[in-house]
Each structure stands twice: as C-alpha cells, then as structure tokens.
Amino acid sequence: NKVSGSVKVTYNTEYAVYVHENLSAYHAVGSAKFLEIPYRLNKDKMIAIIAKAVKNKEGIVVGLTKAGNLLREESQKLVPIRTGRLKNSCRVEIERKKL
C-alpha cells in the first residue's frame, strides 16, 4: 500500500491573514509573514525530514507530521503576541492519500 500526503500549517483566527500580510504594521514582538518566512528558511530542512522518515520506513505521515511541527515551532517564534490567541490558533493537519 503506497501512501502520499500533504501537510497544512494554518493559523485560524479571523485576523490571522491580516496580521500575516500587513507589512506596514509595527510589532514589538514578531513580524508580518510569520508563517512564510520560516517556510522559506526551512523548506529544504522539511524536505530532508520527510525523506529521512520515508527512508527509515517511519512513513510519509510521520515525516509530514515532523516537518509540519517544525514549521509550526519556527513560525510561532515570529507570531506577534498580544493575547496569545493568534499563536494558540496554529494547527498542523496531515492529509493522507492512498495511491
């Protein structure tokens, strides 16, 4: 049984997209593009994590989960913090697909 999949890391507040995209806003902590920047900086590392999990026969789902959790952890370092609601809304979702 071959399996493929995808990982989705999201922030689920009604204002997450606004905070993420507003480059002109000042943040004492964190920054806009709090998800995009860590993705760009860690993309190769996440690919390597997934490849290693598949090679070690842990499976694609384990690799995707580890890669998604890395992105979540790195992005949360940049999330502008006021109440913690935005930071706490982060979700890592794995979608499995049988081939």
# chains A, B, ... in the order shown; residues from 1 in each chain; ligands from 1
>>> residues_around(residues="A:Tyr18", least_positions_apart="4", cutoff="9 Å", atoms="only C-alpha atoms", output="list in words")
Glu14, Asn22 and Ala32 of chain A
>>> residues_around(residues="A:Gly59", least_positions_apart="4", cutoff="12 Å", atoms="only C-alpha atoms", output="ChimeraX atom specification")
/A:1-5,49-55,63-66,96
>>> residues_around(residues="stretch 24-31 of chain A", least_positions_apart="2", cutoff="10 Å", atoms="only C-alpha atoms", output="PyMOL selection string")
chain A and resi 18-22+33-35+37+75-82
>>> select_by_dssp(residues="stretch 1-38 of chain A", states="strand (DSSP E or B)", output="ChimeraX atom specification")
/A:3-11
>>> write_last_selection(atoms="N, CA, C and O atoms", output="short mmCIF file (atom, residue, chain, number, x, y, z; two decimals), in the first residue's frame")
data_model
loop_
_atom_site.label_atom_id
_atom_site.label_comp_id
_atom_site.auth_asym_id
_atom_site.auth_seq_id
_atom_site.Cartn_x
_atom_site.Cartn_y
_atom_site.Cartn_z
N VAL A 3 1.32 5.30 0.01
CA VAL A 3 0.59 6.44 0.56
C VAL A 3 1.35 7.71 0.21
O VAL A 3 2.57 7.76 0.28
N SER A 4 0.62 8.73 -0.17
CA SER A 4 1.20 10.06 -0.32
C SER A 4 0.40 10.97 0.60
O SER A 4 -0.54 10.55 1.24
N GLY A 5 0.79 12.20 0.66
CA GLY A 5 0.05 13.10 1.53
C GLY A 5 0.54 14.52 1.44
O GLY A 5 1.43 14.84 0.67
N SER A 6 -0.06 15.33 2.27
CA SER A 6 0.34 16.73 2.35
C SER A 6 0.17 17.19 3.80
O SER A 6 -0.56 16.58 4.58
N VAL A 7 0.87 18.25 4.11
CA VAL A 7 0.77 18.85 5.44
C VAL A 7 0.32 20.29 5.27
O VAL A 7 0.74 20.98 4.34
N LYS A 8 -0.55 20.72 6.16
CA LYS A 8 -1.05 22.10 6.12
C LYS A 8 -0.85 22.70 7.51
O LYS A 8 -1.30 22.13 8.51
N VAL A 9 -0.15 23.83 7.57
CA VAL A 9 0.04 24.56 8.82
C VAL A 9 -0.74 25.86 8.69
O VAL A 9 -0.50 26.63 7.76
N THR A 10 -1.69 26.06 9.58
CA THR A 10 -2.57 27.23 9.48
C THR A 10 -2.71 27.93 10.82
O THR A 10 -2.54 27.33 11.88
N TYR A 11 -3.03 29.20 10.74
CA TYR A 11 -3.42 30.00 11.91
C TYR A 11 -4.88 30.35 11.71
O TYR A 11 -5.26 30.87 10.66
#
>>> closest_residue(among="A:Met46, A:Leu86, A:Val17, A:Leu41", to="A:Leu70", atoms="only C-alpha atoms")
A:Met46
